[in-house]
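What follows is the content of entry25.pdb, which has PDB, C-alpha atoms, pLDDT in the B column:
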ATOM      1  CA  MET L   9      30.187 -38.123  -3.237  1.00 64.00           C
ATOM      2  CA  ALA L  10      30.658 -37.340  -6.895  1.00 76.00           C
ATOM      3  CA  THR L  11      32.220 -33.978  -7.676  1.00 87.00           C
ATOM      4  CA  MET L  12      29.845 -31.556  -9.381  1.00 93.00           C
ATOM      5  CA  TRP L  13      30.739 -30.465 -12.914  1.00 93.00           C
ATOM      6  CA  THR L  14      30.830 -26.828 -11.797  1.00 94.00           C
ATOM      7  CA  THR L  15      33.511 -27.757  -9.261  1.00 93.00           C
ATOM      8  CA  ARG L  16      35.538 -29.613 -11.873  1.00 91.00           C
ATOM      9  CA  VAL L  17      35.342 -26.686 -14.338  1.00 88.00           C
ATOM     10  CA  ARG L  18      36.291 -24.210 -11.594  1.00 89.00           C
ATOM     11  CA  ARG L  19      39.268 -26.322 -10.535  1.00 88.00           C
ATOM     12  CA  ALA L  20      40.397 -26.765 -14.156  1.00 82.00           C
ATOM     13  CA  THR L  21      40.172 -23.064 -15.018  1.00 81.00           C
ATOM     14  CA  ILE L  22      39.754 -20.314 -12.425  1.00 84.00           C
ATOM     15  CA  GLU L  23      41.612 -21.994  -9.561  1.00 85.00           C
ATOM     16  CA  LYS L  24      44.550 -22.918 -11.803  1.00 81.00           C
ATOM     17  CA  ILE L  25      45.206 -19.386 -13.071  1.00 83.00           C
ATOM     18  CA  ASP L  26      46.749 -16.803 -10.833  1.00 83.00           C
ATOM     19  CA  PRO L  27      45.082 -13.381 -11.410  1.00 83.00           C
ATOM     20  CA  GLN L  28      48.557 -11.966 -12.158  1.00 82.00           C
ATOM     21  CA  ASP L  29      48.960 -14.578 -14.928  1.00 82.00           C
ATOM     22  CA  ALA L  30      45.423 -14.075 -16.269  1.00 82.00           C
ATOM     23  CA  LEU L  31      45.889 -10.349 -16.939  1.00 85.00           C
ATOM     24  CA  PRO L  32      49.625  -9.724 -16.524  1.00 84.00           C
ATOM     25  CA  ASP L  33      51.237  -6.282 -16.429  1.00 83.00           C
ATOM     26  CA  ASN L  34      54.749  -7.665 -16.737  1.00 82.00           C
ATOM     27  CA  GLN L  35      56.370 -10.256 -19.000  1.00 82.00           C
ATOM     28  CA  PRO L  36      59.747 -12.013 -19.089  1.00 84.00           C
ATOM     29  CA  SER L  37      62.426 -10.137 -21.068  1.00 84.00           C
ATOM     30  CA  TYR L  38      62.435 -12.700 -23.904  1.00 85.00           C
ATOM     31  CA  VAL L  39      58.860 -11.675 -24.780  1.00 87.00           C
ATOM     32  CA  ALA L  40      60.287  -8.362 -26.076  1.00 88.00           C
ATOM     33  CA  SER L  41      60.456  -9.757 -29.624  1.00 90.00           C
ATOM     34  CA  TRP L  42      58.172  -9.209 -32.615  1.00 94.00           C
ATOM     35  CA  ILE L  43      57.669 -12.976 -32.974  1.00 93.00           C
ATOM     36  CA  TYR L  44      55.714 -12.931 -29.686  1.00 93.00           C
ATOM     37  CA  VAL L  45      53.307 -10.307 -31.072  1.00 95.00           C
ATOM     38  CA  PHE L  46      51.656 -12.460 -33.735  1.00 96.00           C
ATOM     39  CA  GLY L  47      49.372 -14.398 -31.398  1.00 95.00           C
ATOM     40  CA  VAL L  48      47.661 -11.251 -30.178  1.00 95.00           C
ATOM     41  CA  LEU L  49      47.656  -9.837 -33.734  1.00 97.00           C
ATOM     42  CA  THR L  50      45.701 -12.937 -34.752  1.00 97.00           C
ATOM     43  CA  LEU L  51      43.220 -12.252 -31.944  1.00 97.00           C
ATOM     44  CA  ALA L  52      42.901  -8.606 -33.053  1.00 98.00           C
ATOM     45  CA  ALA L  53      42.154  -9.700 -36.624  1.00 98.00           C
ATOM     46  CA  LEU L  54      39.574 -12.167 -35.267  1.00 97.00           C
ATOM     47  CA  ALA L  55      37.852  -9.325 -33.395  1.00 97.00           C
ATOM     48  CA  VAL L  56      37.587  -7.333 -36.658  1.00 98.00           C
ATOM     49  CA  ILE L  57      36.285 -10.446 -38.461  1.00 97.00           C
ATOM     50  CA  ILE L  58      33.558 -11.003 -35.855  1.00 97.00           C
ATOM     51  CA  GLY L  59      32.581  -7.315 -35.774  1.00 97.00           C
ATOM     52  CA  SER L  60      32.336  -6.927 -39.558  1.00 97.00           C
ATOM     53  CA  GLY L  61      30.699 -10.361 -39.832  1.00 96.00           C
ATOM     54  CA  LEU L  62      27.941  -9.326 -37.423  1.00 96.00           C
ATOM     55  CA  ILE L  63      27.179  -6.272 -39.589  1.00 97.00           C
ATOM     56  CA  LEU L  64      27.107  -8.427 -42.756  1.00 95.00           C
ATOM     57  CA  THR L  65      24.805 -10.928 -41.012  1.00 94.00           C
ATOM     58  CA  VAL L  66      22.313  -8.226 -40.077  1.00 95.00           C
ATOM     59  CA  ARG L  67      22.258  -6.470 -43.475  1.00 94.00           C
ATOM     60  CA  GLY L  68      22.456  -9.475 -45.831  1.00 89.00           C
ATOM     61  CA  ALA L  69      23.859 -10.310 -49.275  1.00 87.00           C
ATOM     62  CA  SER L  70      21.718  -7.837 -51.230  1.00 88.00           C
ATOM     63  CA  TRP L  71      23.246  -5.042 -49.127  1.00 93.00           C
ATOM     64  CA  TRP L  72      26.917  -6.060 -49.334  1.00 91.00           C
ATOM     65  CA  HIS L  73      26.659  -6.572 -53.106  1.00 90.00           C
ATOM     66  CA  THR L  74      24.842  -3.356 -54.001  1.00 93.00           C
ATOM     67  CA  SER L  75      25.765  -0.512 -51.639  1.00 95.00           C
ATOM     68  CA  GLY L  76      29.049   1.327 -51.227  1.00 96.00           C
ATOM     69  CA  VAL L  77      29.097   0.837 -47.463  1.00 97.00           C
ATOM     70  CA  GLY L  78      28.182  -2.825 -47.989  1.00 96.00           C
ATOM     71  CA  HIS L  79      31.137  -3.289 -50.346  1.00 95.00           C
ATOM     72  CA  TYR L  80      33.384  -1.628 -47.785  1.00 97.00           C
ATOM     73  CA  VAL L  81      32.260  -3.807 -44.840  1.00 97.00           C
ATOM     74  CA  ASN L  82      32.467  -6.902 -47.041  1.00 95.00           C
ATOM     75  CA  SER L  83      36.041  -5.965 -47.992  1.00 95.00           C
ATOM     76  CA  VAL L  84      36.962  -5.279 -44.353  1.00 97.00           C
ATOM     77  CA  HIS L  85      35.664  -8.769 -43.516  1.00 97.00           C
ATOM     78  CA  LEU L  86      37.668 -10.370 -46.353  1.00 95.00           C
ATOM     79  CA  TRP L  87      40.943  -8.546 -45.655  1.00 96.00           C
ATOM     80  CA  ALA L  88      40.661  -9.135 -41.903  1.00 97.00           C
ATOM     81  CA  VAL L  89      40.442 -12.856 -42.736  1.00 97.00           C
ATOM     82  CA  GLU L  90      43.519 -12.578 -45.002  1.00 95.00           C
ATOM     83  CA  LEU L  91      45.466 -10.850 -42.207  1.00 96.00           C
ATOM     84  CA  PHE L  92      44.111 -13.345 -39.648  1.00 97.00           C
ATOM     85  CA  PHE L  93      45.665 -16.223 -41.611  1.00 97.00           C
ATOM     86  CA  VAL L  94      48.925 -14.346 -42.306  1.00 97.00           C
ATOM     87  CA  PHE L  95      49.352 -13.574 -38.590  1.00 97.00           C
ATOM     88  CA  MET L  96      48.319 -17.089 -37.561  1.00 97.00           C
ATOM     89  CA  VAL L  97      50.802 -18.723 -39.963  1.00 97.00           C
ATOM     90  CA  VAL L  98      53.694 -16.559 -38.653  1.00 97.00           C
ATOM     91  CA  HIS L  99      52.534 -17.371 -35.076  1.00 97.00           C
ATOM     92  CA  LEU L 100      52.448 -21.079 -35.984  1.00 97.00           C
ATOM     93  CA  TRP L 101      55.944 -21.038 -37.538  1.00 96.00           C
ATOM     94  CA  GLY L 102      57.352 -19.122 -34.570  1.00 95.00           C
ATOM     95  CA  LYS L 103      55.872 -21.567 -32.063  1.00 95.00           C
ATOM     96  CA  PHE L 104      56.899 -24.609 -34.128  1.00 95.00           C
ATOM     97  CA  TRP L 105      60.580 -23.588 -34.293  1.00 94.00           C
ATOM     98  CA  MET L 106      60.415 -22.689 -30.574  1.00 92.00           C
ATOM     99  CA  ALA L 107      59.057 -26.209 -29.811  1.00 93.00           C
ATOM    100  CA  ALA L 108      56.237 -24.457 -27.968  1.00 93.00           C
ATOM    101  CA  TRP L 109      54.805 -27.706 -26.636  1.00 93.00           C
ATOM    102  CA  ARG L 110      57.637 -27.811 -24.027  1.00 92.00           C
ATOM    103  CA  GLY L 111      56.909 -27.370 -20.324  1.00 89.00           C
ATOM    104  CA  ARG L 112      53.521 -29.147 -20.178  1.00 90.00           C
ATOM    105  CA  ARG L 113      52.156 -27.009 -23.034  1.00 94.00           C
ATOM    106  CA  PHE L 114      50.986 -29.946 -25.150  1.00 94.00           C
ATOM    107  CA  ALA L 115      47.298 -29.000 -24.767  1.00 95.00           C
ATOM    108  CA  THR L 116      48.106 -25.406 -25.793  1.00 95.00           C
ATOM    109  CA  TRP L 117      49.757 -26.686 -28.975  1.00 96.00           C
ATOM    110  CA  VAL L 118      46.862 -29.063 -29.770  1.00 97.00           C
ATOM    111  CA  THR L 119      44.146 -26.425 -29.192  1.00 96.00           C
ATOM    112  CA  GLY L 120      46.150 -24.084 -31.456  1.00 96.00           C
ATOM    113  CA  THR L 121      46.103 -26.771 -34.145  1.00 96.00           C
ATOM    114  CA  PHE L 122      42.317 -27.084 -33.812  1.00 96.00           C
ATOM    115  CA  CYS L 123      42.015 -23.268 -33.974  1.00 96.00           C
ATOM    116  CA  PHE L 124      43.819 -23.432 -37.324  1.00 96.00           C
ATOM    117  CA  LEU L 125      41.745 -26.317 -38.729  1.00 96.00           C
ATOM    118  CA  SER L 126      38.384 -24.890 -37.604  1.00 96.00           C
ATOM    119  CA  SER L 127      39.377 -21.489 -39.034  1.00 96.00           C
ATOM    120  CA  LEU L 128      40.087 -23.142 -42.406  1.00 96.00           C
ATOM    121  CA  ALA L 129      36.592 -24.680 -42.410  1.00 94.00           C
ATOM    122  CA  THR L 130      35.025 -21.353 -41.441  1.00 96.00           C
ATOM    123  CA  ALA L 131      36.893 -19.454 -44.161  1.00 96.00           C
ATOM    124  CA  PHE L 132      35.913 -22.122 -46.703  1.00 95.00           C
ATOM    125  CA  THR L 133      32.192 -21.769 -45.927  1.00 95.00           C
ATOM    126  CA  GLY L 134      32.651 -17.991 -46.125  1.00 95.00           C
ATOM    127  CA  TYR L 135      33.872 -18.337 -49.716  1.00 94.00           C
ATOM    128  CA  LEU L 136      30.799 -20.501 -50.434  1.00 94.00           C
ATOM    129  CA  ILE L 137      28.310 -17.811 -49.364  1.00 92.00           C
ATOM    130  CA  GLN L 138      29.707 -14.797 -51.183  1.00 88.00           C
ATOM    131  CA  GLY L 139      26.717 -15.014 -53.510  1.00 84.00           C
ATOM    132  CA  ASP L 140      28.607 -14.572 -56.787  1.00 85.00           C
ATOM    133  CA  PHE L 141      30.206 -16.635 -59.580  1.00 90.00           C
ATOM    134  CA  ASP L 142      33.307 -17.144 -57.433  1.00 88.00           C
ATOM    135  CA  SER L 143      31.294 -18.938 -54.741  1.00 91.00           C
ATOM    136  CA  GLN L 144      29.491 -21.045 -57.374  1.00 93.00           C
ATOM    137  CA  TRP L 145      32.842 -22.104 -58.870  1.00 93.00           C
ATOM    138  CA  ILE L 146      34.305 -22.984 -55.452  1.00 94.00           C
ATOM    139  CA  ALA L 147      31.141 -24.896 -54.466  1.00 94.00           C
ATOM    140  CA  THR L 148      31.118 -27.092 -57.591  1.00 94.00           C
ATOM    141  CA  GLN L 149      34.861 -27.797 -57.402  1.00 93.00           C
ATOM    142  CA  ALA L 150      34.723 -28.541 -53.661  1.00 94.00           C
ATOM    143  CA  LYS L 151      31.714 -30.853 -54.113  1.00 93.00           C
ATOM    144  CA  ASP L 152      33.854 -33.211 -56.192  1.00 92.00           C
ATOM    145  CA  GLY L 153      36.598 -33.083 -53.574  1.00 91.00           C
ATOM    146  CA  LEU L 154      34.295 -33.738 -50.613  1.00 92.00           C
ATOM    147  CA  ASN L 155      32.475 -36.517 -52.513  1.00 93.00           C
ATOM    148  CA  SER L 156      35.799 -38.182 -53.269  1.00 93.00           C
ATOM    149  CA  VAL L 157      36.671 -38.424 -49.565  1.00 92.00           C
ATOM    150  CA  GLY L 158      33.232 -39.769 -48.656  1.00 92.00           C
ATOM    151  CA  ILE L 159      31.642 -36.832 -46.814  1.00 89.00           C
ATOM    152  CA  GLY L 160      29.559 -35.483 -49.688  1.00 87.00           C
ATOM    153  CA  SER L 161      26.281 -36.590 -48.097  1.00 85.00           C
ATOM    154  CA  PHE L 162      27.246 -34.976 -44.792  1.00 87.00           C
ATOM    155  CA  MET L 163      28.271 -31.638 -46.272  1.00 90.00           C
ATOM    156  CA  ASN L 164      26.802 -30.520 -49.594  1.00 92.00           C
ATOM    157  CA  THR L 165      28.644 -27.415 -50.787  1.00 93.00           C
ATOM    158  CA  LEU L 166      25.880 -26.742 -53.342  1.00 92.00           C
ATOM    159  CA  ASN L 167      23.455 -26.270 -50.422  1.00 92.00           C
ATOM    160  CA  SER L 168      23.987 -22.568 -49.816  1.00 89.00           C
ATOM    161  CA  GLY L 169      21.618 -22.596 -46.824  1.00 91.00           C
ATOM    162  CA  GLN L 170      23.765 -25.199 -45.077  1.00 93.00           C
ATOM    163  CA  ALA L 171      26.960 -23.278 -45.921  1.00 94.00           C
ATOM    164  CA  LEU L 172      25.439 -20.020 -44.633  1.00 93.00           C
ATOM    165  CA  LEU L 173      24.361 -21.485 -41.294  1.00 94.00           C
ATOM    166  CA  LEU L 174      27.655 -23.302 -40.841  1.00 95.00           C
ATOM    167  CA  HIS L 175      29.497 -20.039 -41.502  1.00 96.00           C
ATOM    168  CA  VAL L 176      27.482 -17.682 -39.296  1.00 94.00           C
ATOM    169  CA  ALA L 177      26.488 -20.029 -36.450  1.00 94.00           C
ATOM    170  CA  LEU L 178      28.137 -23.399 -35.873  1.00 94.00           C
ATOM    171  CA  LEU L 179      31.710 -22.825 -37.061  1.00 95.00           C
ATOM    172  CA  PRO L 180      32.242 -19.348 -35.490  1.00 95.00           C
ATOM    173  CA  LEU L 181      30.946 -20.815 -32.214  1.00 95.00           C
ATOM    174  CA  GLY L 182      33.475 -23.632 -32.527  1.00 95.00           C
ATOM    175  CA  VAL L 183      36.344 -21.294 -33.418  1.00 96.00           C
ATOM    176  CA  GLY L 184      35.390 -18.945 -30.578  1.00 95.00           C
ATOM    177  CA  LEU L 185      35.292 -21.684 -27.942  1.00 96.00           C
ATOM    178  CA  ILE L 186      38.604 -23.217 -29.052  1.00 96.00           C
ATOM    179  CA  VAL L 187      40.301 -19.787 -29.174  1.00 96.00           C
ATOM    180  CA  VAL L 188      39.068 -19.004 -25.632  1.00 94.00           C
ATOM    181  CA  TRP L 189      40.351 -22.405 -24.447  1.00 93.00           C
ATOM    182  CA  HIS L 190      43.695 -21.777 -26.203  1.00 96.00           C
ATOM    183  CA  VAL L 191      44.097 -18.321 -24.595  1.00 93.00           C
ATOM    184  CA  ILE L 192      43.191 -19.704 -21.129  1.00 90.00           C
ATOM    185  CA  LEU L 193      45.910 -22.356 -21.524  1.00 91.00           C
ATOM    186  CA  VAL L 194      48.452 -19.728 -22.653  1.00 92.00           C
ATOM    187  CA  ARG L 195      47.621 -17.599 -19.606  1.00 90.00           C
ATOM    188  CA  LYS L 196      47.711 -20.643 -17.304  1.00 87.00           C
ATOM    189  CA  ASN L 197      51.078 -21.981 -18.508  1.00 87.00           C
ATOM    190  CA  GLY L 198      52.691 -18.700 -19.580  1.00 87.00           C
ATOM    191  CA  VAL L 199      54.251 -17.955 -22.970  1.00 89.00           C
ATOM    192  CA  VAL L 200      56.881 -20.470 -23.979  1.00 89.00           C
ATOM    193  CA  PRO L 201      60.490 -19.296 -23.432  1.00 89.00           C
ATOM    194  CA  PRO L 202      63.034 -19.507 -26.270  1.00 87.00           C
ATOM    195  CA  LEU L 203      65.070 -22.724 -26.387  1.00 87.00           C
ATOM    196  CA  ASP L 204      68.165 -21.033 -24.915  1.00 81.00           C
ATOM    197  CA  ALA L 205      66.336 -18.856 -22.336  1.00 74.00           C
ATOM    198  CA  LYS L 206      67.943 -18.561 -18.890  1.00 67.00           C
ATOM    199  CA  GLU L 207      64.991 -16.702 -17.351  1.00 56.00           C
ATOM    200  CA  ILE L 208      61.943 -18.872 -16.770  1.00 58.00           C
ATOM    201  CA  ALA L 209      58.502 -17.521 -15.940  1.00 54.00           C
ATOM    202  CA  GLY L 210      55.127 -19.192 -15.714  1.00 48.00           C
ATOM    203  CA  GLY L 211      56.378 -22.719 -16.277  1.00 46.00           C
ATOM    204  CA  ALA L 212      59.325 -24.930 -17.068  1.00 43.00           C
ATOM    205  CA  ALA L 213      61.408 -24.320 -20.174  1.00 44.00           C
TER     206      ALA L 213
ATOM    207  CA  MET N  30      35.339   1.725 -62.311  1.00 52.00           C
ATOM    208  CA  ALA N  31      38.571   2.740 -60.605  1.00 59.00           C
ATOM    209  CA  LEU N  32      41.809   2.067 -62.451  1.00 65.00           C
ATOM    210  CA  LEU N  33      43.881  -0.743 -61.022  1.00 69.00           C
ATOM    211  CA  ALA N  34      47.675  -0.814 -60.911  1.00 75.00           C
ATOM    212  CA  LEU N  35      47.456  -4.389 -62.202  1.00 75.00           C
ATOM    213  CA  ASN N  36      45.012  -5.880 -64.702  1.00 78.00           C
ATOM    214  CA  LEU N  37      43.296  -8.579 -62.625  1.00 76.00           C
ATOM    215  CA  ASN N  38      40.619  -9.361 -65.195  1.00 80.00           C
ATOM    216  CA  HIS N  39      42.094 -12.660 -66.288  1.00 85.00           C
ATOM    217  CA  PRO N  40      42.904 -16.068 -64.735  1.00 86.00           C
ATOM    218  CA  ALA N  41      46.095 -16.178 -62.681  1.00 89.00           C
ATOM    219  CA  LYS N  42      49.268 -17.732 -64.080  1.00 91.00           C
ATOM    220  CA  PHE N  43      50.527 -20.860 -62.339  1.00 94.00           C
ATOM    221  CA  PHE N  44      53.937 -22.078 -61.226  1.00 94.00           C
ATOM    222  CA  ASP N  45      54.226 -25.796 -62.017  1.00 95.00           C
ATOM    223  CA  TRP N  46      57.040 -27.996 -60.720  1.00 93.00           C
ATOM    224  CA  GLY N  47      56.372 -31.732 -60.698  1.00 94.00           C
ATOM    225  CA  PHE N  48      53.251 -32.323 -58.647  1.00 93.00           C
ATOM    226  CA  VAL N  49      53.494 -28.792 -57.199  1.00 93.00           C
ATOM    227  CA  SER N  50      51.062 -26.386 -58.832  1.00 94.00           C
ATOM    228  CA  VAL N  51      50.545 -22.996 -57.198  1.00 95.00           C
ATOM    229  CA  SER N  52      49.211 -19.734 -58.608  1.00 94.00           C
ATOM    230  CA  ILE N  53      51.637 -16.817 -58.834  1.00 93.00           C
ATOM    231  CA  PRO N  54      49.497 -14.617 -56.503  1.00 90.00           C
ATOM    232  CA  ASN N  55      49.506 -17.380 -53.878  1.00 92.00           C
ATOM    233  CA  LEU N  56      53.251 -17.871 -54.368  1.00 94.00           C
ATOM    234  CA  ILE N  57      53.846 -14.130 -53.852  1.00 94.00           C
ATOM    235  CA  MET N  58      51.697 -14.253 -50.700  1.00 93.00           C
ATOM    236  CA  ILE N  59      53.690 -17.216 -49.321  1.00 95.00           C
ATOM    237  CA  GLY N  60      56.915 -15.299 -50.061  1.00 96.00           C
ATOM    238  CA  LEU N  61      55.613 -12.222 -48.217  1.00 96.00           C
ATOM    239  CA  ILE N  62      54.717 -14.332 -45.160  1.00 96.00           C
ATOM    240  CA  VAL N  63      58.234 -15.835 -45.133  1.00 97.00           C
ATOM    241  CA  VAL N  64      59.691 -12.288 -45.323  1.00 97.00           C
ATOM    242  CA  LEU N  65      57.386 -11.187 -42.467  1.00 97.00           C
ATOM    243  CA  PHE N  66      58.512 -14.191 -40.385  1.00 97.00           C
ATOM    244  CA  VAL N  67      62.200 -13.371 -40.915  1.00 97.00           C
ATOM    245  CA  LEU N  68      61.591  -9.681 -40.094  1.00 97.00           C
ATOM    246  CA  ALA N  69      59.785 -10.688 -36.876  1.00 96.00           C
ATOM    247  CA  LEU N  70      62.932 -12.574 -35.829  1.00 94.00           C
ATOM    248  CA  VAL N  71      65.576  -9.974 -36.720  1.00 95.00           C
ATOM    249  CA  VAL N  72      63.951  -6.529 -36.294  1.00 95.00           C
ATOM    250  CA  PRO N  73      64.674  -5.159 -32.769  1.00 93.00           C
ATOM    251  CA  PHE N  74      61.633  -4.770 -30.529  1.00 91.00           C
ATOM    252  CA  PRO N  75      61.258  -1.285 -28.984  1.00 89.00           C
ATOM    253  CA  THR N  76      61.762  -1.415 -25.215  1.00 79.00           C
ATOM    254  CA  HIS N  77      61.920   1.160 -22.418  1.00 71.00           C
ATOM    255  CA  LYS N  78      65.514   1.714 -21.312  1.00 63.00           C
ATOM    256  CA  GLU N  79      64.522   2.325 -17.679  1.00 56.00           C
ATOM    257  CA  ASP N  80      63.217  -1.239 -17.433  1.00 52.00           C
ATOM    258  CA  GLY N  81      66.804  -2.438 -17.619  1.00 49.00           C
ATOM    259  CA  LYS N  82      65.844  -5.865 -18.914  1.00 47.00           C
TER     260      LYS N  82
END

Could you spell out this file's structure in structure tokens?
Amino acid sequence: MATMWTTRVRRATIEKIDPQDALPDNQPSYVASWIYVFGVLTLAALAVIIGSGLILTVRGASWWHTSGVGHYVNSVHLWAVELFFVFMVVHLWGKFWMAAWRGRRFATWVTGTFCFLSSLATAFTGYLIQGDFDSQWIATQAKDGLNSVGIGSFMNTLNSGQALLLHVALLPLGVGLIVVWHVILVRKNGVVPPLDAKEIAGGAA
Amino acid sequence: MALLALNLNHPAKFFDWGFVSVSIPNLIMIGLIVVLFVLALVVPFPTHKEDGK
């Protein structure tokens, strides 16, 4: 009898993660380093991005361009994105020099890569829908670039409606799902130990 | 309009080296991220002494 998809998902997620690993209250000693903080800082910035983005979505461009509170929320959204990328780049460098794909963590590394790439696309469409001369400049320059690599008919940066829906619906959904998958894998396999670590927890070094 | 510490009302200057062309603001930002990365490696992380590990 074929296994139901619900069974396969349960076996691949819930049954593979010990509750202690899912929400741990203790970590190996090597985690007491600032370089291990940048993953969760990236998640915190993402939470601010989503929260401020929801407010901007409800109120619209005429609000964020004309009111004081709108300017403020728009700026919070922008600077949370800037911090999101700063934290993610430091996280990426830290994990790269730690060879964080060790100990059966290949899928964690790959999902992290897709988090980065999908975030770039989401940020790009965000710049396209600012509704000012900056977004017009970026759209016309990017149109040449996308045309030159043959995807101009698939994504038209001069189509602000397409850019808006990509930015507020499809791409955030993609980023959200990949981030959740990435965090589940981190919890399942444990944080990667440093190359010279003697103490091993949650997986092989 | 509020006074700014820097006059930003002009195009950014660029650093050009061979095929590398990067604006000075972006270059400063990259430098700050490198500094942040080094600090994350060398600055001691506060821990509770009673943990003993």

Which residue gives the smallest distance to chain N among L:Ile58, L:Ile63, L:Leu125, L:Met106, with all atoms listed in the file counted?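 For chain N, the nearest of the candidates is L:Met106.
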
Can you tell me, as a PDB file with C-alpha atoms, in the coordinates of the input, what residues are no more than 9 Å from Lys42 (chain N) when counting all atoms listed in the file, ignoring any on the same chain fewer than 3 positions away?
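See result08.pdb below for the written result:
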ATOM      1  CA  VAL N  51      50.545 -22.996 -57.198  1.00 95.00           C
ATOM      2  CA  SER N  52      49.211 -19.734 -58.608  1.00 94.00           C
ATOM      3  CA  ILE N  53      51.637 -16.817 -58.834  1.00 93.00           C
ATOM      4  CA  PRO N  54      49.497 -14.617 -56.503  1.00 90.00           C
TER       5      PRO N  54
END

Using all atoms listed in the file, what table do you get, as a tab-separated table, when you list each residue of chain N with an atom no more than 9 Å from chain L, its nearest pair of atoms, and their distance in Å rounded to one decimal, rows by chain then rising number?
residue	atom	partner	partner_atom	distance
N:Met58	CA	L:Val94	CA	8.8
N:Ile59	CA	L:Val94	CA	9.0
N:Ile62	CA	L:Val94	CA	6.5
N:Val63	CA	L:Val98	CA	7.9
N:Leu65	CA	L:Val98	CA	7.6
N:Phe66	CA	L:Val98	CA	5.6
N:Leu68	CA	L:Trp42	CA	8.2
N:Ala69	CA	L:Trp42	CA	4.8
N:Leu70	CA	L:Ile43	CA	6.0
N:Val71	CA	L:Trp42	CA	8.5
N:Val72	CA	L:Trp42	CA	7.4
N:Pro73	CA	L:Ser41	CA	7.0
N:Phe74	CA	L:Ser41	CA	5.2
N:Pro75	CA	L:Ala40	CA	7.7
N:Thr76	CA	L:Ala40	CA	7.2
N:Lys82	CA	L:Ser37	CA	5.9

Work out how far CA of Leu181 (chain L) is from CA of Gly134 (chain L), in Å to one decimal.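 Between these atoms lies a distance of 14.3 Å.
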
Using all atoms listed in the file for the distances, tell me which of L:Asn197, L:Ser127, L:Ser75, L:Gln144 is nearest to Leu54 (chain L).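 Residue with the minimum atom-to-atom distance to Leu54 (chain L): L:Ser127.
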
Going by the chain IDs and residue numbers used in this file, which residues fall under the PyMOL selection byres ((chain L and resi 24-29) around 12)? Write them as a PyMOL selection string. chain L and resi 16-23+30-36+191-199+209-211

With C-alpha atoms retained, could you export that selection as a PDB file, in the coordinates of the input?
ATOM      1  CA  ARG L  16      35.538 -29.613 -11.873  1.00 91.00           C
ATOM      2  CA  VAL L  17      35.342 -26.686 -14.338  1.00 88.00           C
ATOM      3  CA  ARG L  18      36.291 -24.210 -11.594  1.00 89.00           C
ATOM      4  CA  ARG L  19      39.268 -26.322 -10.535  1.00 88.00           C
ATOM      5  CA  ALA L  20      40.397 -26.765 -14.156  1.00 82.00           C
ATOM      6  CA  THR L  21      40.172 -23.064 -15.018  1.00 81.00           C
ATOM      7  CA  ILE L  22      39.754 -20.314 -12.425  1.00 84.00           C
ATOM      8  CA  GLU L  23      41.612 -21.994  -9.561  1.00 85.00           C
ATOM      9  CA  ALA L  30      45.423 -14.075 -16.269  1.00 82.00           C
ATOM     10  CA  LEU L  31      45.889 -10.349 -16.939  1.00 85.00           C
ATOM     11  CA  PRO L  32      49.625  -9.724 -16.524  1.00 84.00           C
ATOM     12  CA  ASP L  33      51.237  -6.282 -16.429  1.00 83.00           C
ATOM     13  CA  ASN L  34      54.749  -7.665 -16.737  1.00 82.00           C
ATOM     14  CA  GLN L  35      56.370 -10.256 -19.000  1.00 82.00           C
ATOM     15  CA  PRO L  36      59.747 -12.013 -19.089  1.00 84.00           C
ATOM     16  CA  VAL L 191      44.097 -18.321 -24.595  1.00 93.00           C
ATOM     17  CA  ILE L 192      43.191 -19.704 -21.129  1.00 90.00           C
ATOM     18  CA  LEU L 193      45.910 -22.356 -21.524  1.00 91.00           C
ATOM     19  CA  VAL L 194      48.452 -19.728 -22.653  1.00 92.00           C
ATOM     20  CA  ARG L 195      47.621 -17.599 -19.606  1.00 90.00           C
ATOM     21  CA  LYS L 196      47.711 -20.643 -17.304  1.00 87.00           C
ATOM     22  CA  ASN L 197      51.078 -21.981 -18.508  1.00 87.00           C
ATOM     23  CA  GLY L 198      52.691 -18.700 -19.580  1.00 87.00           C
ATOM     24  CA  VAL L 199      54.251 -17.955 -22.970  1.00 89.00           C
ATOM     25  CA  ALA L 209      58.502 -17.521 -15.940  1.00 54.00           C
ATOM     26  CA  GLY L 210      55.127 -19.192 -15.714  1.00 48.00           C
ATOM     27  CA  GLY L 211      56.378 -22.719 -16.277  1.00 46.00           C
TER      28      GLY L 211
END

What gap, in Å, lies between CA of Trp71 (chain L) and CA of Gln138 (chain L)? 11.9 Å

Figure out the distance between CA of Asp142 (chain L) and CA of Ala171 (chain L), please, to one decimal in Å. 14.5 Å

Which centre and which edge lengths, in Å to one decimal, describe the axis-aligned box that holds all listed atoms of region 58-67 of chain N after 5 Å is added on each side, as lines of an AutoDock Vina configuration file?
center_x = 56.9
center_y = -14.2
center_z = -45.5
size_x = 20.5
size_y = 16.0
size_z = 20.3

Just so the selection is clear, what residues does the PyMOL selection byres ((chain L and resi 176) around 9) cover here, as a ChimeraX atom specification? /L:61-62,65,130,134,171-175,177-181

Residues near Gln149 (chain L), cut-off 12 Å, all atoms listed in the file, skip fewer than 4 positions along chain, as a PyMOL selection string: chain L and resi 136+142-145+153-156+164-166

Restricting the output to C-alpha atoms, write the selected residues as an mmCIF file, in the frame of the given file.
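Writing the result to part.cif gives the following:
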data_model
loop_
_atom_site.group_PDB
_atom_site.id
_atom_site.type_symbol
_atom_site.label_atom_id
_atom_site.label_comp_id
_atom_site.auth_asym_id
_atom_site.auth_seq_id
_atom_site.Cartn_x
_atom_site.Cartn_y
_atom_site.Cartn_z
ATOM 1 C CA LEU L 136 30.799 -20.501 -50.434
ATOM 2 C CA ASP L 142 33.307 -17.144 -57.433
ATOM 3 C CA SER L 143 31.294 -18.938 -54.741
ATOM 4 C CA GLN L 144 29.491 -21.045 -57.374
ATOM 5 C CA TRP L 145 32.842 -22.104 -58.870
ATOM 6 C CA GLY L 153 36.598 -33.083 -53.574
ATOM 7 C CA LEU L 154 34.295 -33.738 -50.613
ATOM 8 C CA ASN L 155 32.475 -36.517 -52.513
ATOM 9 C CA SER L 156 35.799 -38.182 -53.269
ATOM 10 C CA ASN L 164 26.802 -30.520 -49.594
ATOM 11 C CA THR L 165 28.644 -27.415 -50.787
ATOM 12 C CA LEU L 166 25.880 -26.742 -53.342
#
